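Visitor: For reference, this is work.pdb, and it has PDB, C-alpha atoms and all ligand atoms.
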ATOM      1  CA  MET K  83      -7.689 -25.139  -6.083  1.00  0.00           C
ATOM      2  CA  SER K  84      -4.939 -23.787  -3.885  1.00  0.00           C
ATOM      3  CA  ASN K  85      -3.967 -25.572  -0.679  1.00  0.00           C
ATOM      4  CA  ASN K  86      -2.820 -22.346   0.878  1.00  0.00           C
ATOM      5  CA  PRO K  87      -4.759 -21.202   3.929  1.00  0.00           C
ATOM      6  CA  GLU K  88      -6.916 -18.121   3.597  1.00  0.00           C
ATOM      7  CA  VAL K  89      -5.071 -14.955   4.586  1.00  0.00           C
ATOM      8  CA  ARG K  90      -6.272 -11.360   4.649  1.00  0.00           C
ATOM      9  CA  LEU K  91      -3.633  -8.740   5.279  1.00  0.00           C
ATOM     10  CA  ILE K  92      -3.238  -4.987   5.197  1.00  0.00           C
ATOM     11  CA  LEU K  93       0.012  -3.112   4.656  1.00  0.00           C
ATOM     12  CA  VAL K  94       0.122   0.342   6.246  1.00  0.00           C
ATOM     13  CA  GLY K  95       2.919   2.888   6.376  1.00  0.00           C
ATOM     14  CA  PRO K  96       3.949   6.312   5.211  1.00  0.00           C
ATOM     15  CA  PRO K  97       4.502   6.969   1.509  1.00  0.00           C
ATOM     16  CA  GLY K  98       7.830   5.475   0.479  1.00  0.00           C
ATOM     17  CA  ALA K  99       7.921   2.972   3.357  1.00  0.00           C
ATOM     18  CA  GLY K 100       8.179   0.122   0.853  1.00  0.00           C
ATOM     19  CA  LYS K 101       4.576  -1.117   0.908  1.00  0.00           C
ATOM     20  CA  GLY K 102       4.450  -1.749  -2.843  1.00  0.00           C
ATOM     21  CA  THR K 103       7.834  -3.484  -2.904  1.00  0.00           C
ATOM     22  CA  GLN K 104       6.933  -5.710   0.036  1.00  0.00           C
ATOM     23  CA  ALA K 105       3.432  -6.434  -1.228  1.00  0.00           C
ATOM     24  CA  LYS K 106       4.821  -7.699  -4.550  1.00  0.00           C
ATOM     25  CA  ARG K 107       7.182 -10.079  -2.725  1.00  0.00           C
ATOM     26  CA  LEU K 108       4.645 -11.284  -0.174  1.00  0.00           C
ATOM     27  CA  VAL K 109       1.874 -12.083  -2.621  1.00  0.00           C
ATOM     28  CA  ASP K 110       4.241 -14.349  -4.549  1.00  0.00           C
ATOM     29  CA  THR K 111       4.917 -16.305  -1.371  1.00  0.00           C
ATOM     30  CA  LEU K 112       1.385 -16.253  -0.007  1.00  0.00           C
ATOM     31  CA  GLN K 113      -0.425 -16.740  -3.345  1.00  0.00           C
ATOM     32  CA  ILE K 114      -3.022 -14.044  -2.748  1.00  0.00           C
ATOM     33  CA  PRO K 115      -3.938 -11.062  -4.951  1.00  0.00           C
ATOM     34  CA  HIS K 116      -2.173  -7.748  -4.378  1.00  0.00           C
ATOM     35  CA  ILE K 117      -4.804  -5.019  -4.173  1.00  0.00           C
ATOM     36  CA  SER K 118      -3.259  -1.561  -4.393  1.00  0.00           C
ATOM     37  CA  THR K 119      -5.708   1.343  -4.530  1.00  0.00           C
ATOM     38  CA  GLY K 120      -2.889   3.559  -5.843  1.00  0.00           C
ATOM     39  CA  ASP K 121      -2.321   1.124  -8.740  1.00  0.00           C
ATOM     40  CA  MET K 122      -6.081   0.903  -9.395  1.00  0.00           C
ATOM     41  CA  LEU K 123      -6.408   4.692  -9.482  1.00  0.00           C
ATOM     42  CA  ARG K 124      -3.372   5.024 -11.769  1.00  0.00           C
ATOM     43  CA  ALA K 125      -4.901   2.396 -14.081  1.00  0.00           C
ATOM     44  CA  ALA K 126      -8.188   4.354 -14.162  1.00  0.00           C
ATOM     45  CA  ARG K 127      -6.214   7.437 -15.055  1.00  0.00           C
ATOM     46  CA  GLU K 128      -4.335   5.627 -17.853  1.00  0.00           C
ATOM     47  CA  ALA K 129      -7.663   4.361 -19.165  1.00  0.00           C
ATOM     48  CA  GLY K 130      -8.839   7.978 -19.292  1.00  0.00           C
ATOM     49  CA  THR K 131     -12.048   7.411 -17.331  1.00  0.00           C
ATOM     50  CA  GLU K 132     -13.858  10.280 -15.617  1.00  0.00           C
ATOM     51  CA  LEU K 133     -12.957   8.781 -12.231  1.00  0.00           C
ATOM     52  CA  GLY K 134      -9.327   8.467 -13.298  1.00  0.00           C
ATOM     53  CA  ARG K 135      -9.170  12.069 -14.432  1.00  0.00           C
ATOM     54  CA  LYS K 136     -10.660  13.440 -11.206  1.00  0.00           C
ATOM     55  CA  ALA K 137      -8.531  11.156  -9.025  1.00  0.00           C
ATOM     56  CA  GLY K 138      -5.393  12.032 -11.000  1.00  0.00           C
ATOM     57  CA  GLU K 139      -5.660  15.715 -10.154  1.00  0.00           C
ATOM     58  CA  LEU K 140      -5.915  14.939  -6.446  1.00  0.00           C
ATOM     59  CA  MET K 141      -3.106  12.372  -6.575  1.00  0.00           C
ATOM     60  CA  ASP K 142      -0.698  14.777  -8.253  1.00  0.00           C
ATOM     61  CA  ARG K 143      -1.252  17.274  -5.458  1.00  0.00           C
ATOM     62  CA  GLY K 144      -0.661  14.599  -2.813  1.00  0.00           C
ATOM     63  CA  GLU K 145      -4.295  14.786  -1.686  1.00  0.00           C
ATOM     64  CA  LEU K 146      -6.433  11.775  -0.862  1.00  0.00           C
ATOM     65  CA  VAL K 147      -9.158  10.597  -3.234  1.00  0.00           C
ATOM     66  CA  PRO K 148     -12.623  10.759  -1.543  1.00  0.00           C
ATOM     67  CA  ASP K 149     -13.505   7.844   0.724  1.00  0.00           C
ATOM     68  CA  ASP K 150     -16.657   6.840  -1.187  1.00  0.00           C
ATOM     69  CA  VAL K 151     -14.661   6.479  -4.419  1.00  0.00           C
ATOM     70  CA  VAL K 152     -11.912   4.237  -3.029  1.00  0.00           C
ATOM     71  CA  ILE K 153     -14.304   2.286  -0.818  1.00  0.00           C
ATOM     72  CA  GLY K 154     -16.399   1.523  -3.930  1.00  0.00           C
ATOM     73  CA  LEU K 155     -13.323   0.342  -5.842  1.00  0.00           C
ATOM     74  CA  VAL K 156     -12.131  -1.939  -3.038  1.00  0.00           C
ATOM     75  CA  MET K 157     -15.560  -3.411  -2.301  1.00  0.00           C
ATOM     76  CA  GLU K 158     -15.912  -4.458  -5.951  1.00  0.00           C
ATOM     77  CA  ARG K 159     -12.380  -5.802  -6.081  1.00  0.00           C
ATOM     78  CA  ILE K 160     -12.553  -7.946  -2.923  1.00  0.00           C
ATOM     79  CA  ALA K 161     -15.827  -9.449  -4.137  1.00  0.00           C
ATOM     80  CA  GLU K 162     -14.052 -10.925  -7.189  1.00  0.00           C
ATOM     81  CA  PRO K 163     -13.454 -14.688  -7.167  1.00  0.00           C
ATOM     82  CA  ASP K 164      -9.661 -14.520  -6.790  1.00  0.00           C
ATOM     83  CA  ALA K 165     -10.013 -12.528  -3.553  1.00  0.00           C
ATOM     84  CA  LYS K 166     -12.351 -15.010  -1.890  1.00  0.00           C
ATOM     85  CA  ARG K 167      -9.434 -16.886  -0.348  1.00  0.00           C
ATOM     86  CA  GLY K 168      -7.611 -13.785   0.767  1.00  0.00           C
ATOM     87  CA  PHE K 169      -5.816 -10.626  -0.288  1.00  0.00           C
ATOM     88  CA  MET K 170      -3.064  -8.197   0.499  1.00  0.00           C
ATOM     89  CA  LEU K 171      -4.352  -4.637   0.678  1.00  0.00           C
ATOM     90  CA  ASP K 172      -1.698  -2.003  -0.041  1.00  0.00           C
ATOM     91  CA  GLY K 173      -2.601   1.659   0.496  1.00  0.00           C
ATOM     92  CA  PHE K 174      -6.124   0.903   1.741  1.00  0.00           C
ATOM     93  CA  PRO K 175      -7.556   1.691   4.239  1.00  0.00           C
ATOM     94  CA  ARG K 176      -6.029   5.149   4.504  1.00  0.00           C
ATOM     95  CA  THR K 177      -8.675   6.766   6.714  1.00  0.00           C
ATOM     96  CA  ARG K 178     -10.807   5.698   9.634  1.00  0.00           C
ATOM     97  CA  PRO K 179     -14.047   5.639   7.544  1.00  0.00           C
ATOM     98  CA  GLN K 180     -12.289   3.364   5.024  1.00  0.00           C
ATOM     99  CA  ALA K 181     -11.216   1.014   7.844  1.00  0.00           C
ATOM    100  CA  GLU K 182     -14.777   0.913   9.179  1.00  0.00           C
ATOM    101  CA  ALA K 183     -16.229   0.236   5.710  1.00  0.00           C
ATOM    102  CA  LEU K 184     -13.791  -2.638   5.241  1.00  0.00           C
ATOM    103  CA  ASP K 185     -14.669  -4.096   8.651  1.00  0.00           C
ATOM    104  CA  ALA K 186     -18.369  -3.957   7.817  1.00  0.00           C
ATOM    105  CA  ALA K 187     -17.811  -5.722   4.482  1.00  0.00           C
ATOM    106  CA  LEU K 188     -15.671  -8.446   6.050  1.00  0.00           C
ATOM    107  CA  GLU K 189     -18.199  -8.966   8.801  1.00  0.00           C
ATOM    108  CA  ALA K 190     -20.994  -9.284   6.237  1.00  0.00           C
ATOM    109  CA  ALA K 191     -18.904 -11.909   4.424  1.00  0.00           C
ATOM    110  CA  ALA K 192     -18.212 -13.663   7.775  1.00  0.00           C
ATOM    111  CA  VAL K 193     -14.436 -13.426   7.319  1.00  0.00           C
ATOM    112  CA  GLU K 194     -11.728 -11.729   9.383  1.00  0.00           C
ATOM    113  CA  LEU K 195      -8.461  -9.895   8.917  1.00  0.00           C
ATOM    114  CA  ASP K 196      -5.360 -11.871   9.878  1.00  0.00           C
ATOM    115  CA  GLY K 197      -3.042  -8.949  10.417  1.00  0.00           C
ATOM    116  CA  VAL K 198      -2.213  -5.332   9.757  1.00  0.00           C
ATOM    117  CA  VAL K 199       1.479  -4.812   9.071  1.00  0.00           C
ATOM    118  CA  LEU K 200       2.773  -1.321   9.826  1.00  0.00           C
ATOM    119  CA  ILE K 201       6.050  -0.589   8.012  1.00  0.00           C
ATOM    120  CA  GLU K 202       7.676   2.194  10.009  1.00  0.00           C
ATOM    121  CA  VAL K 203      10.113   4.712   8.497  1.00  0.00           C
ATOM    122  CA  GLU K 204      10.902   8.139   9.990  1.00  0.00           C
ATOM    123  CA  ASP K 205       9.754  11.230   8.087  1.00  0.00           C
ATOM    124  CA  ALA K 206      13.343  12.439   7.692  1.00  0.00           C
ATOM    125  CA  LYS K 207      14.177   9.402   5.541  1.00  0.00           C
ATOM    126  CA  ILE K 208      11.079   9.511   3.350  1.00  0.00           C
ATOM    127  CA  GLU K 209      11.891  12.444   1.086  1.00  0.00           C
ATOM    128  CA  ARG K 210      15.179  10.978  -0.157  1.00  0.00           C
ATOM    129  CA  ARG K 211      13.572   7.593  -0.669  1.00  0.00           C
ATOM    130  CA  ILE K 212      10.664   8.922  -2.691  1.00  0.00           C
ATOM    131  CA  THR K 213      12.410  11.475  -4.856  1.00  0.00           C
ATOM    132  CA  GLY K 214      14.908   8.799  -5.996  1.00  0.00           C
ATOM    133  CA  ARG K 215      12.191   6.259  -6.702  1.00  0.00           C
ATOM    134  CA  ARG K 216      11.615   5.070 -10.285  1.00  0.00           C
ATOM    135  CA  SER K 217       9.724   2.129 -11.730  1.00  0.00           C
ATOM    136  CA  ASP K 218      10.180  -0.077 -14.762  1.00  0.00           C
ATOM    137  CA  ALA K 219       7.834   1.317 -17.411  1.00  0.00           C
ATOM    138  CA  VAL K 220       6.917  -2.225 -18.513  1.00  0.00           C
ATOM    139  CA  THR K 221       6.926  -4.480 -15.426  1.00  0.00           C
ATOM    140  CA  GLY K 222       6.307  -1.901 -12.675  1.00  0.00           C
ATOM    141  CA  ASP K 223       9.344  -3.191 -10.729  1.00  0.00           C
ATOM    142  CA  ILE K 224      10.501  -0.515  -8.297  1.00  0.00           C
ATOM    143  CA  TYR K 225      14.060   0.885  -8.161  1.00  0.00           C
ATOM    144  CA  HIS K 226      15.925   3.710  -6.434  1.00  0.00           C
ATOM    145  CA  MET K 227      18.466   5.735  -8.400  1.00  0.00           C
ATOM    146  CA  GLU K 228      20.857   5.786  -5.441  1.00  0.00           C
ATOM    147  CA  PHE K 229      20.101   2.673  -3.345  1.00  0.00           C
ATOM    148  CA  ASP K 230      18.942   0.160  -5.969  1.00  0.00           C
ATOM    149  CA  PRO K 231      19.636   1.458  -9.492  1.00  0.00           C
ATOM    150  CA  PRO K 232      17.831  -0.166 -12.431  1.00  0.00           C
ATOM    151  CA  PRO K 233      19.890  -2.457 -14.684  1.00  0.00           C
ATOM    152  CA  ASP K 234      21.257  -0.951 -17.908  1.00  0.00           C
ATOM    153  CA  GLY K 235      18.674  -0.751 -20.638  1.00  0.00           C
ATOM    154  CA  VAL K 236      15.635  -0.737 -18.345  1.00  0.00           C
ATOM    155  CA  ASP K 237      13.287   2.103 -19.220  1.00  0.00           C
ATOM    156  CA  VAL K 238      12.236   3.730 -15.944  1.00  0.00           C
ATOM    157  CA  VAL K 239       9.559   6.317 -15.145  1.00  0.00           C
ATOM    158  CA  GLN K 240       8.909   8.554 -12.144  1.00  0.00           C
ATOM    159  CA  ARG K 241       5.477   8.901 -10.556  1.00  0.00           C
ATOM    160  CA  PRO K 242       4.111  12.436 -10.983  1.00  0.00           C
ATOM    161  CA  ASP K 243       3.425  12.568  -7.225  1.00  0.00           C
ATOM    162  CA  ASP K 244       6.992  11.644  -6.281  1.00  0.00           C
ATOM    163  CA  THR K 245       8.117  15.294  -6.306  1.00  0.00           C
ATOM    164  CA  VAL K 246       9.298  17.061  -3.127  1.00  0.00           C
ATOM    165  CA  GLU K 247       6.122  19.196  -2.891  1.00  0.00           C
ATOM    166  CA  ALA K 248       3.749  16.261  -3.370  1.00  0.00           C
ATOM    167  CA  VAL K 249       5.729  14.097  -0.933  1.00  0.00           C
ATOM    168  CA  ARG K 250       5.408  16.737   1.790  1.00  0.00           C
ATOM    169  CA  ALA K 251       1.656  16.926   1.204  1.00  0.00           C
ATOM    170  CA  ARG K 252       1.379  13.111   1.232  1.00  0.00           C
ATOM    171  CA  LEU K 253       3.298  12.859   4.503  1.00  0.00           C
ATOM    172  CA  ALA K 254       1.070  15.489   6.094  1.00  0.00           C
ATOM    173  CA  LYS K 255      -2.007  13.524   4.928  1.00  0.00           C
ATOM    174  CA  TYR K 256      -0.509  10.334   6.301  1.00  0.00           C
ATOM    175  CA  HIS K 257      -0.101  11.809   9.766  1.00  0.00           C
ATOM    176  CA  ALA K 258      -3.472  13.563   9.794  1.00  0.00           C
ATOM    177  CA  SER K 259      -5.714  10.958   8.157  1.00  0.00           C
ATOM    178  CA  THR K 260      -3.983   7.576   8.032  1.00  0.00           C
ATOM    179  CA  ALA K 261      -2.095   7.409  11.340  1.00  0.00           C
ATOM    180  CA  PRO K 262      -5.432   7.264  13.273  1.00  0.00           C
ATOM    181  CA  ILE K 263      -6.086   3.785  11.863  1.00  0.00           C
ATOM    182  CA  ILE K 264      -3.016   2.478  13.724  1.00  0.00           C
ATOM    183  CA  PRO K 265      -4.587   2.611  17.220  1.00  0.00           C
ATOM    184  CA  TYR K 266      -7.848   1.360  15.648  1.00  0.00           C
ATOM    185  CA  TYR K 267      -6.194  -1.891  14.524  1.00  0.00           C
ATOM    186  CA  ASP K 268      -3.936  -2.081  17.581  1.00  0.00           C
ATOM    187  CA  ALA K 269      -7.037  -2.135  19.785  1.00  0.00           C
ATOM    188  CA  GLN K 270      -8.254  -5.159  17.780  1.00  0.00           C
ATOM    189  CA  GLY K 271      -4.951  -6.954  18.437  1.00  0.00           C
ATOM    190  CA  LEU K 272      -4.118  -7.044  14.719  1.00  0.00           C
ATOM    191  CA  LEU K 273      -1.198  -4.610  14.470  1.00  0.00           C
ATOM    192  CA  ARG K 274       2.346  -5.878  13.718  1.00  0.00           C
ATOM    193  CA  ARG K 275       5.064  -3.221  13.686  1.00  0.00           C
ATOM    194  CA  VAL K 276       8.010  -3.754  11.356  1.00  0.00           C
ATOM    195  CA  ASN K 277      11.140  -1.620  10.946  1.00  0.00           C
ATOM    196  CA  GLY K 278      11.111  -0.366   7.338  1.00  0.00           C
ATOM    197  CA  ASP K 279      14.541   1.249   7.636  1.00  0.00           C
ATOM    198  CA  GLN K 280      16.536  -1.805   6.539  1.00  0.00           C
ATOM    199  CA  SER K 281      17.141  -3.711   3.317  1.00  0.00           C
ATOM    200  CA  PRO K 282      14.057  -4.936   1.424  1.00  0.00           C
ATOM    201  CA  ASP K 283      15.087  -8.559   2.184  1.00  0.00           C
ATOM    202  CA  ALA K 284      15.362  -7.814   5.902  1.00  0.00           C
ATOM    203  CA  VAL K 285      11.941  -6.131   5.890  1.00  0.00           C
ATOM    204  CA  THR K 286      10.340  -9.101   4.088  1.00  0.00           C
ATOM    205  CA  HIS K 287      11.897 -11.451   6.635  1.00  0.00           C
ATOM    206  CA  GLU K 288      10.663  -9.366   9.580  1.00  0.00           C
ATOM    207  CA  ILE K 289       7.142  -9.300   8.127  1.00  0.00           C
ATOM    208  CA  MET K 290       7.072 -13.087   7.632  1.00  0.00           C
ATOM    209  CA  VAL K 291       8.310 -13.638  11.206  1.00  0.00           C
ATOM    210  CA  ALA K 292       5.714 -11.190  12.573  1.00  0.00           C
ATOM    211  CA  LEU K 293       2.930 -12.975  10.670  1.00  0.00           C
ATOM    212  CA  GLU K 294       4.028 -16.444  11.751  1.00  0.00           C
ATOM    213  CA  ARG K 295       3.846 -15.325  15.363  1.00  0.00           C
ATOM    214  CA  ALA K 296       0.345 -13.982  14.822  1.00  0.00           C
TER     215      ALA K 296
HETATM  216  P1  LIG Q 301      -0.086   5.040  -3.417  1.00  0.00           P
HETATM  217  O1  LIG Q 301       0.300   4.431  -4.719  1.00  0.00           O
HETATM  218  O2  LIG Q 301      -0.664   4.057  -2.436  1.00  0.00           O
HETATM  219  O3  LIG Q 301       0.999   5.886  -2.809  1.00  0.00           O
HETATM  220  O4  LIG Q 301      -1.296   6.041  -3.732  1.00  0.00           O
HETATM  221  C1  LIG Q 301      -1.098   7.160  -4.599  1.00  0.00           C
HETATM  222  C2  LIG Q 301      -2.200   8.181  -4.407  1.00  0.00           C
HETATM  223  O5  LIG Q 301      -3.460   7.591  -4.728  1.00  0.00           O
HETATM  224  C3  LIG Q 301      -2.369   8.702  -3.001  1.00  0.00           C
HETATM  225  O6  LIG Q 301      -1.466   9.759  -2.687  1.00  0.00           O
HETATM  226  C4  LIG Q 301      -3.821   9.171  -3.040  1.00  0.00           C
HETATM  227  O7  LIG Q 301      -3.947  10.387  -3.764  1.00  0.00           O
HETATM  228  C5  LIG Q 301      -4.480   8.088  -3.867  1.00  0.00           C
HETATM  229  N1  LIG Q 301      -4.942   6.970  -3.020  1.00  0.00           N
HETATM  230  C6  LIG Q 301      -4.465   5.689  -3.026  1.00  0.00           C
HETATM  231  N2  LIG Q 301      -5.105   4.935  -2.126  1.00  0.00           N
HETATM  232  C7  LIG Q 301      -6.005   5.761  -1.513  1.00  0.00           C
HETATM  233  C8  LIG Q 301      -6.938   5.589  -0.470  1.00  0.00           C
HETATM  234  N3  LIG Q 301      -7.086   4.388   0.154  1.00  0.00           N
HETATM  235  N4  LIG Q 301      -7.675   6.654  -0.094  1.00  0.00           N
HETATM  236  C9  LIG Q 301      -7.547   7.855  -0.699  1.00  0.00           C
HETATM  237  N5  LIG Q 301      -6.673   8.099  -1.675  1.00  0.00           N
HETATM  238  C10 LIG Q 301      -5.892   7.059  -2.089  1.00  0.00           C
END
Take the structure in this file and express it as structure tokens.
Guide:
Amino acid sequence: MSNNPEVRLILVGPPGAGKGTQAKRLVDTLQIPHISTGDMLRAAREAGTELGRKAGELMDRGELVPDDVVIGLVMERIAEPDAKRGFMLDGFPRTRPQAEALDAALEAAAVELDGVVLIEVEDAKIERRITGRRSDAVTGDIYHMEFDPPPDGVDVVQRPDDTVEAVRARLAKYHASTAPIIPYYDAQGLLRRVNGDQSPDAVTHEIMVALERA
């Protein structure tokens, strides 16, 4: 049994804001599972399931996967034993219906969110960040060819949706479909804004400070 308090967090932000990088660091400190719908959908695709194949086509175009599909995945995942004492959601919710479905599930389980961390980065910075992004083919560790190059000998891969065209589509989706959840959580007093345009260490520090104040 862990002595850590229960904590339920959401990371929101545009593509390339650093959600995945920060989530990996924070879950180590907070000892909660990292639940990334993007990672779950990529795993389904790797496994060659029907869902993975359909989702993969949408992901490559920078489109969103239908709400009912991702809501189903997350509801099953947060019901697993390791998520009973908390979780860090990364990339979910991404639409208002997803946020409402999550609220309903948490209410039914008589638990509450502790915070929604918004990692802010201007659109103008996103393209360069994403097109330089690579990840370790084995560990999934994230690098940037210009800002944080991988060590010699590390075999890196690029996400198929990290192309300029897909990034533009993903940013447009972010503003149209995901940005509306920001006022939704702000109205509940849960939103913590963090400047994502600084070093990963500085962002982690700002998030921890914002959460301690909460
Ligand atoms: P991510 O790894 O979070 O950038 O997600 C990669 C892609 O997976 C997104 O561009 C979407 O196509 C899909 N995806 C991930 N999470 C969601 C979600 N909550 N709702 C809809 N589509 C999602």
Visitor: In Å, rounded to a single decimal, give me how far atom CA of K:Val239 is from atom CA of K:Gly100.
Guide: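 Atom CA of K:Gly100 sits 17.2 Å away from atom CA of K:Val239.
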Visitor: With a distance cut-off of 12 Å and only C-alpha atoms, select the neighbouring residues of stretch 240-249 of chain K, excluding the residue or stretch itself and same-chain residues fewer than 4 positions from it, and output the selection as number ranges by chain.
Guide: K: 96-98, 120-121, 124, 138-146, 205-219, 222-227, 253-256
Visitor: Could you tell me which residues the PyMOL selection byres (((chain K and resi 157) around 12) and not hetatm) grabs in this file, written as a ChimeraX atom specification?
Guide: /K:117,119,149-156,158-162,165,171,174-175,180-181,183-188,190-191
Visitor: Those same residues - C-alpha atoms - I'd like them written as a JSON list (two decimals), keeping the file's coordinate frame.
Guide:
[["chain", "number", "residue", "atom", "x", "y", "z"],
["K", 117, "ILE", "CA", -4.80, -5.02, -4.17],
["K", 119, "THR", "CA", -5.71, 1.34, -4.53],
["K", 149, "ASP", "CA", -13.50, 7.84, 0.72],
["K", 150, "ASP", "CA", -16.66, 6.84, -1.19],
["K", 151, "VAL", "CA", -14.66, 6.48, -4.42],
["K", 152, "VAL", "CA", -11.91, 4.24, -3.03],
["K", 153, "ILE", "CA", -14.30, 2.29, -0.82],
["K", 154, "GLY", "CA", -16.40, 1.52, -3.93],
["K", 155, "LEU", "CA", -13.32, 0.34, -5.84],
["K", 156, "VAL", "CA", -12.13, -1.94, -3.04],
["K", 158, "GLU", "CA", -15.91, -4.46, -5.95],
["K", 159, "ARG", "CA", -12.38, -5.80, -6.08],
["K", 160, "ILE", "CA", -12.55, -7.95, -2.92],
["K", 161, "ALA", "CA", -15.83, -9.45, -4.14],
["K", 162, "GLU", "CA", -14.05, -10.92, -7.19],
["K", 165, "ALA", "CA", -10.01, -12.53, -3.55],
["K", 171, "LEU", "CA", -4.35, -4.64, 0.68],
["K", 174, "PHE", "CA", -6.12, 0.90, 1.74],
["K", 175, "PRO", "CA", -7.56, 1.69, 4.24],
["K", 180, "GLN", "CA", -12.29, 3.36, 5.02],
["K", 181, "ALA", "CA", -11.22, 1.01, 7.84],
["K", 183, "ALA", "CA", -16.23, 0.24, 5.71],
["K", 184, "LEU", "CA", -13.79, -2.64, 5.24],
["K", 185, "ASP", "CA", -14.67, -4.10, 8.65],
["K", 186, "ALA", "CA", -18.37, -3.96, 7.82],
["K", 187, "ALA", "CA", -17.81, -5.72, 4.48],
["K", 188, "LEU", "CA", -15.67, -8.45, 6.05],
["K", 190, "ALA", "CA", -20.99, -9.28, 6.24],
["K", 191, "ALA", "CA", -18.90, -11.91, 4.42]]
Visitor: Using only C-alpha atoms, can you tell me which of K:Gln104, K:Thr260, K:Val285, K:Arg295 comes closest to K:Leu272?
Guide: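 Among K:Gln104, K:Thr260, K:Val285, K:Arg295, it is K:Arg295 that comes nearest to K:Leu272.
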Visitor: Please define a box with edges along x, y and z of the file around all atoms of stretch 251-269 of chain K given in the file, extend it by 4 Å on each side, and return its centre and edge lengths in Å to one decimal, as JSON.
Guide:
{"center_x": -2.3, "center_y": 7.4, "center_z": 10.5, "size_x": 19.1, "size_y": 27.1, "size_z": 26.6}
Visitor: Give me the residues near K:Val198 as a PyMOL selection string, where near means some atom within 8 Å (using all atoms listed in the file) and where sequence neighbours in that chain fewer than 3 positions away do not count.
Guide: chain K and resi 91-94+195+267+272-274
Visitor: Which residue out of K:Thr286, K:Ser118, K:Gln270, K:Ser281 has the minimum interatomic distance to K:Gly173 when all atoms listed in the file are used?
Guide: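 Among the listed residues, the smallest separation from K:Gly173 belongs to K:Ser118.
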Visitor: Rebuild stretch 207-211 of chain K to all heavy atoms - output it as a short mmCIF file (atom, residue, chain, number, x, y, z; two decimals), keeping the file's coordinate frame, please.
Guide:
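Just written: part20.cif:
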data_model
loop_
_atom_site.label_atom_id
_atom_site.label_comp_id
_atom_site.auth_asym_id
_atom_site.auth_seq_id
_atom_site.Cartn_x
_atom_site.Cartn_y
_atom_site.Cartn_z
N LYS K 207 13.61 10.29 6.57
CA LYS K 207 14.18 9.40 5.54
C LYS K 207 13.30 9.32 4.28
O LYS K 207 13.74 8.83 3.24
CB LYS K 207 14.30 7.97 6.10
CG LYS K 207 15.08 7.88 7.39
CD LYS K 207 16.41 7.22 7.19
CE LYS K 207 17.34 7.45 8.36
NZ LYS K 207 17.63 6.31 9.18
N ILE K 208 12.06 9.76 4.42
CA ILE K 208 11.08 9.51 3.35
C ILE K 208 11.37 10.30 2.07
O ILE K 208 11.30 9.77 0.97
CB ILE K 208 9.65 9.87 3.84
CG1 ILE K 208 9.26 9.02 5.04
CG2 ILE K 208 8.63 9.79 2.73
CD1 ILE K 208 8.87 7.62 4.74
N GLU K 209 11.73 11.58 2.26
CA GLU K 209 11.89 12.44 1.09
C GLU K 209 12.94 11.90 0.12
O GLU K 209 12.72 11.83 -1.09
CB GLU K 209 12.28 13.84 1.55
CG GLU K 209 11.58 14.91 0.79
CD GLU K 209 11.82 16.27 1.39
OE1 GLU K 209 12.80 16.91 0.98
OE2 GLU K 209 11.05 16.68 2.28
N ARG K 210 14.09 11.48 0.68
CA ARG K 210 15.18 10.98 -0.16
C ARG K 210 14.76 9.67 -0.84
O ARG K 210 15.07 9.43 -2.01
CB ARG K 210 16.39 10.76 0.74
CG ARG K 210 17.65 10.50 -0.02
CD ARG K 210 18.81 10.82 0.89
NE ARG K 210 20.07 10.36 0.34
CZ ARG K 210 21.02 9.82 1.09
NH1 ARG K 210 20.83 9.64 2.39
NH2 ARG K 210 22.14 9.45 0.53
N ARG K 211 14.04 8.85 -0.09
CA ARG K 211 13.57 7.59 -0.67
C ARG K 211 12.65 7.85 -1.86
O ARG K 211 12.77 7.23 -2.90
CB ARG K 211 12.75 6.82 0.37
CG ARG K 211 13.57 6.01 1.33
CD ARG K 211 12.59 5.14 2.08
NE ARG K 211 13.27 4.19 2.92
CZ ARG K 211 12.77 3.01 3.25
NH1 ARG K 211 11.59 2.64 2.82
NH2 ARG K 211 13.44 2.19 4.02
#
